[in-house]
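Chemist: Below is the structure I would like to discuss, written out as structure tokens.
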Amino acid sequence: MTELSLPRRILIDEDAGSALGTLLEYYNINSILLVTDKVIANKDFFKEILSLIDREDLKIRIFSNVNPEPSISDVIEVYQDYRDSYDAIIAVGGGSVIDFSKSLSILIKKGGEFDLRGVAPFQSLGIEFTKPLLIAIPTTCGTGSDASYGIVLTDTLDNILVKLALGNYELVPHITILDAKLALELPINLKIGTALDALSHAVESLVAIDSNEFTRPYSEHTIRYIFKYLPRIVDNPQDLESLKKIMYAATMAGIAFTNAGLGLAHAIAHQLGAGLHIHHGTIVGMTLPYVVKFNYRSPTAREMYEGIRKIITLIDDIKLGNNFYEDIIDLYDRIGFPNSLVKLSREYHISSDAINKYADMALHDPEIVYNPVPPRYEDIRMIIKALVEGDINIIT
Amino acid sequence: MPRFPSREWADELCKAINESEGYRRSAKGWVWPILFKVTDLPDELRKIYARGSPGMKVELDNGVCKGVEWYDDAEGVDSPYIISAKYSDWLDVINGKVHPVSAFVRRRLKLEKGSFATIMRYSMAAVELVKCAQKVGIE
Ligand SMILES: [Fe+2]
């Protein structure tokens, strides 16, 4: 049995403010909660969106203080202050803002007693068709949260800061509005970081255990777009046409991984990102080629990797190297992205005790089971060691 | 090879778990018994378990199986975790046709009782558990 969960509507290449205004009237929406973060709240485009949706009979509340890595307790706290009945929750921002809005929408629909830690894909939340509608307007180009079922929240477990990867199909936003102009001002390191998150979603979902005929085209298209357009953005960060393609790619990858699953790169990156305070896209992108090499052990995964390489070479006319993990590392060299923790910072030369700890934690990450090759504890240690030192030859 | 499901099969599963390095590692911290229930039996098994849904409660503790309890009819039996599925769905999972996590996602395996939050952290242990079941085998 195969299922595909998607947003009800994806508005592509729209002017976010006027598109949102039209939608709110169309759906007869009279009360909204706008959720964003401090940086975006001060942007001109955010003020413009507000002015474009403003009408007399629309009640607007704004929460503009989502933390960069929101925690479960942040969500509960904001729920206490903002619990109310809304027709729609509108998330304007990157992955943190959208994830936060999804979490808040669960509490608003199910009540503050509901344990967010237990949000799992295999349960019915009973909130799919209830108000408030969730509308996502992404302002970065990578998380895919606007089309995905996932939520990443931080939590404290046995006094350790952990990232919880939660998800449920009822949390796929109802509507997503893609307006690449909103991502133009994003600093280049975040453009790269979020785009590499999209690449990681695509590469992992391509070979994940639930990958299928409906998800693979989204994965493949994302990989092609990142290989083609990310170098152009690095050369010219204001290249709006390329930025559009990266934003589409991010949303497509969100659809792909929601329905196919992710894998070991995410399972490892969640731990290292939380423990070392590294941006999610940066750490998962960095982990990716090492996991790809490990996954070459699977004949099916190898076939998928070789298939996408053929498409990139023959259709997109991009010269590639000997195998997919080297291609990814070559792409990183081309865009000036480090391929090891030590290159990112010398302080990330973590001890072997720390490697063991992270490997053990990765073994408990929900994304790990979607990896095409079930990894053993020793395998994960090997991959983290290779990632720290930037030595892909460690991986056998 | 013992018949699935049966008391003998459950005993073999417990042995296989205790021989699995992979399970021991990934289930560190899991300390709750799980009752596995089998529903919708085929006719030939209905003759043996006339009351309906047999089950095995596996006493799992930090990667070790401390014993199993067998129930010819597990309806009404309590346990901190209860996972139930149709006989044909268990077969698909144990034979490797369906991944255990996909089976949960597609609602073929049902968590009747227990914490989703905890189970999410032990998905790899679930995979190892299925490998143990595969070692015991199904005719
Ligand atoms: Fe990600």
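Following the order of the structure tokens, chains are lettered A, B, ..., residues in each are numbered from 1, and ligands are numbered from 1.
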For Leu262 (chain A), please output as a list of chain:residue names all residues within 8 Å (counting only C-alpha atoms; exclusion window: fewer than 6 positions along the same chain).
Modeler: A:His201, A:Glu204, A:Ser205, A:Ala208, A:Glu367, A:Ile368, A:Tyr370, A:Asn371
Chemist: Atoms to include: N, CA, C and O atoms. Write the selected residues as an mmCIF file, in the first residue's frame.
Modeler:
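Result file is result-v3.cif:
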data_model
loop_
_atom_site.group_PDB
_atom_site.id
_atom_site.type_symbol
_atom_site.label_atom_id
_atom_site.label_comp_id
_atom_site.auth_asym_id
_atom_site.auth_seq_id
_atom_site.Cartn_x
_atom_site.Cartn_y
_atom_site.Cartn_z
ATOM 1 N N HIS A 201 17.358 16.114 1.828
ATOM 2 C CA HIS A 201 16.009 15.515 1.806
ATOM 3 C C HIS A 201 15.819 14.693 0.532
ATOM 4 O O HIS A 201 15.258 13.601 0.545
ATOM 5 N N GLU A 204 18.273 11.519 0.382
ATOM 6 C CA GLU A 204 17.865 10.471 1.331
ATOM 7 C C GLU A 204 16.524 9.853 0.929
ATOM 8 O O GLU A 204 16.346 8.635 0.980
ATOM 9 N N SER A 205 15.580 10.695 0.517
ATOM 10 C CA SER A 205 14.257 10.147 0.175
ATOM 11 C C SER A 205 14.309 9.306 -1.102
ATOM 12 O O SER A 205 13.515 8.393 -1.271
ATOM 13 N N ALA A 208 15.185 5.941 0.294
ATOM 14 C CA ALA A 208 14.596 5.541 1.580
ATOM 15 C C ALA A 208 13.652 4.349 1.388
ATOM 16 O O ALA A 208 13.164 4.103 0.275
ATOM 17 N N GLU A 367 14.418 8.745 12.212
ATOM 18 C CA GLU A 367 14.695 8.729 10.767
ATOM 19 C C GLU A 367 15.593 7.564 10.355
ATOM 20 O O GLU A 367 15.655 7.212 9.178
ATOM 21 N N ILE A 368 16.288 6.991 11.307
ATOM 22 C CA ILE A 368 17.326 6.012 10.966
ATOM 23 C C ILE A 368 16.749 4.789 10.246
ATOM 24 O O ILE A 368 17.373 4.222 9.355
ATOM 25 N N TYR A 370 14.575 4.520 8.043
ATOM 26 C CA TYR A 370 14.240 4.674 6.631
ATOM 27 C C TYR A 370 15.459 4.488 5.729
ATOM 28 O O TYR A 370 15.351 4.457 4.512
ATOM 29 N N ASN A 371 16.653 4.389 6.350
ATOM 30 C CA ASN A 371 17.878 4.234 5.553
ATOM 31 C C ASN A 371 17.878 2.886 4.830
ATOM 32 O O ASN A 371 17.521 1.870 5.408
#
Chemist: Tell me, which residues of chain B carry DSSP alpha helix (DSSP H), written as a PyMOL selection string?
Modeler: chain B and resi 7-18+21-26+43-46+87-94+100-105+116-120+123-136
Chemist: What residues in chain B lie within 9 Å of chain A, counting only C-alpha atoms, written as a ChimeraX atom specification?
Modeler: /B:22,25-27,99,101-107,109-111,115-125,127
Chemist: Find the residue from A:His349, A:Lys163, A:Arg309, A:Lys343 that sits nearest to ligand 1; use only C-alpha atoms and all ligand atoms when measuring.
Modeler: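 Under the stated criterion, the closest residue is A:Lys163.
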Chemist: Which residues are near ligand 1 - at most 9 Å, using only C-alpha atoms and all ligand atoms? Format: as a list in words.
Modeler: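 Checked against 9 Å with only C-alpha atoms and all ligand atoms; the hits are Gly142, Thr143, Gly144, Ser145, Val152, Thr194, Leu196, Asp197, Ala198, Leu199, Ser200, His201, Gly254, Leu262, His266, Ala269, His270, His280, Gly281, Val284 and Gly285 of chain A.
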Chemist: Please determine, counting only C-alpha atoms, which residue among A:Glu378, A:Glu25, A:Asp54, A:Asp99 has the shortest atom-to-atom distance to Val66 (chain A).
Modeler: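 Of the candidates, the smallest distance to Val66 (chain A) is held by A:Asp99.
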Chemist: Provide the CA of Met286 (chain A) to CA of Tyr325 (chain A) distance in Å, to one decimal place.
Modeler: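 Between CA of Met286 (chain A) and CA of Tyr325 (chain A) the gap works out to 11.2 Å.
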Chemist: Pull the strand (DSSP E) assignments for chain B out of DSSP run on the backbone, and list those residues as a PyMOL selection string.
Modeler: chain B and resi 34-39+55-61+64-71+81-86+110-113
Chemist: What's around Lys135 (chain B) at 10 Å? Count only C-alpha atoms, leave out sequence neighbours fewer than 3 positions away in its own chain, and write the answer as a compact mmCIF listing (two decimals) with C-alpha atoms, in the first residue's frame.
Modeler:
# COMPACT_ATOMS: atom_id res chain seq x y z
CA GLU B 12 12.30 -19.39 20.19
CA LEU B 13 11.83 -15.65 19.66
CA ALA B 16 16.82 -15.27 19.25
CA ILE B 17 16.51 -11.89 20.97
CA ILE B 94 8.12 -11.18 9.58
CA LEU B 129 13.25 -7.41 16.74
CA VAL B 130 11.86 -8.30 13.33
CA LYS B 131 15.27 -9.72 12.36
CA CYS B 132 15.04 -11.97 15.43
CA ILE B 138 7.54 -18.82 9.58
Chemist: What lies within 12 Å of Asn339 (chain A) using only C-alpha atoms, ignoring chain neighbours under 4 positions off, as a list of chain:residue names?
Modeler: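 Result of the neighbour search: A:Thr282, A:Ile283, A:Val284, A:Gly285, A:Met286, A:Thr287, A:Leu288, A:Pro289, A:Tyr290, A:Tyr325, A:Glu326, A:Ile328, A:Ile329, A:Asp330, A:Leu331, A:Tyr332, A:Asp333, A:Arg334, A:Ile335, A:Lys343, A:Leu344, A:Ser345, A:Ala386, A:Leu387, A:Val388, A:Glu389, A:Gly390, A:Asp391, A:Ile392.
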Chemist: Excluding Arg24 (chain B) and any residue of its chain fewer than 4 positions from it, enumerate the residues within 7 Å of it, using only C-alpha atoms, and give them as JSON, numbers by chain.
Modeler: {"B": [20, 28, 62, 63, 64]}
Chemist: Keeping N, CA, C and O atoms for every residue in the selection just given, could you write it to a file as a PDB file, in the first residue's frame?
Modeler:
ATOM      1  N   SER B  20      20.965 -11.663  19.925  1.00  0.00           N
ATOM      2  CA  SER B  20      21.128 -10.570  18.954  1.00  0.00           C
ATOM      3  C   SER B  20      21.888  -9.381  19.549  1.00  0.00           C
ATOM      4  O   SER B  20      21.382  -8.669  20.420  1.00  0.00           O
ATOM      5  N   LYS B  28      18.749  -0.519  24.239  1.00  0.00           N
ATOM      6  CA  LYS B  28      19.241  -0.063  25.549  1.00  0.00           C
ATOM      7  C   LYS B  28      18.284   1.015  26.057  1.00  0.00           C
ATOM      8  O   LYS B  28      18.051   1.998  25.364  1.00  0.00           O
ATOM      9  N   ASN B  62      16.124  -3.752  28.646  1.00  0.00           N
ATOM     10  CA  ASN B  62      17.453  -3.294  28.232  1.00  0.00           C
ATOM     11  C   ASN B  62      18.140  -4.227  27.241  1.00  0.00           C
ATOM     12  O   ASN B  62      19.310  -4.590  27.415  1.00  0.00           O
ATOM     13  N   GLY B  63      17.424  -4.611  26.218  1.00  0.00           N
ATOM     14  CA  GLY B  63      18.033  -5.414  25.157  1.00  0.00           C
ATOM     15  C   GLY B  63      18.030  -6.905  25.427  1.00  0.00           C
ATOM     16  O   GLY B  63      18.580  -7.681  24.651  1.00  0.00           O
ATOM     17  N   VAL B  64      17.401  -7.304  26.533  1.00  0.00           N
ATOM     18  CA  VAL B  64      17.384  -8.731  26.892  1.00  0.00           C
ATOM     19  C   VAL B  64      15.930  -9.202  26.986  1.00  0.00           C
ATOM     20  O   VAL B  64      15.062  -8.443  27.410  1.00  0.00           O
TER      21      VAL B  64
END
Chemist: List the spatial neighbours of Arg9 (chain A) as a list in words - criterion: any atom at most 7 Å away, only C-alpha atoms, same-chain residues fewer than 6 positions off excluded.
Modeler: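 The contact residues come out as His174, Ile175 and Thr176 of chain A.
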Chemist: Neighbours of region 73-75 of chain A within 7 Å (only C-alpha atoms; same-chain residues fewer than 6 positions away dropped), as a PyMOL selection string?
Modeler: chain A and resi 100+103-104
Chemist: Measure the distance from CA of Arg8 (chain A) to CA of Val203 (chain A) in Å and round it to one decimal.
Modeler: 24.9 Å
Chemist: Kindly give the distance, in Å, that separates CA of Asp179 (chain A) and CA of Lys59 (chain A), rounded to a single decimal.
Modeler: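 Between CA of Asp179 (chain A) and CA of Lys59 (chain A) the gap works out to 24.2 Å.
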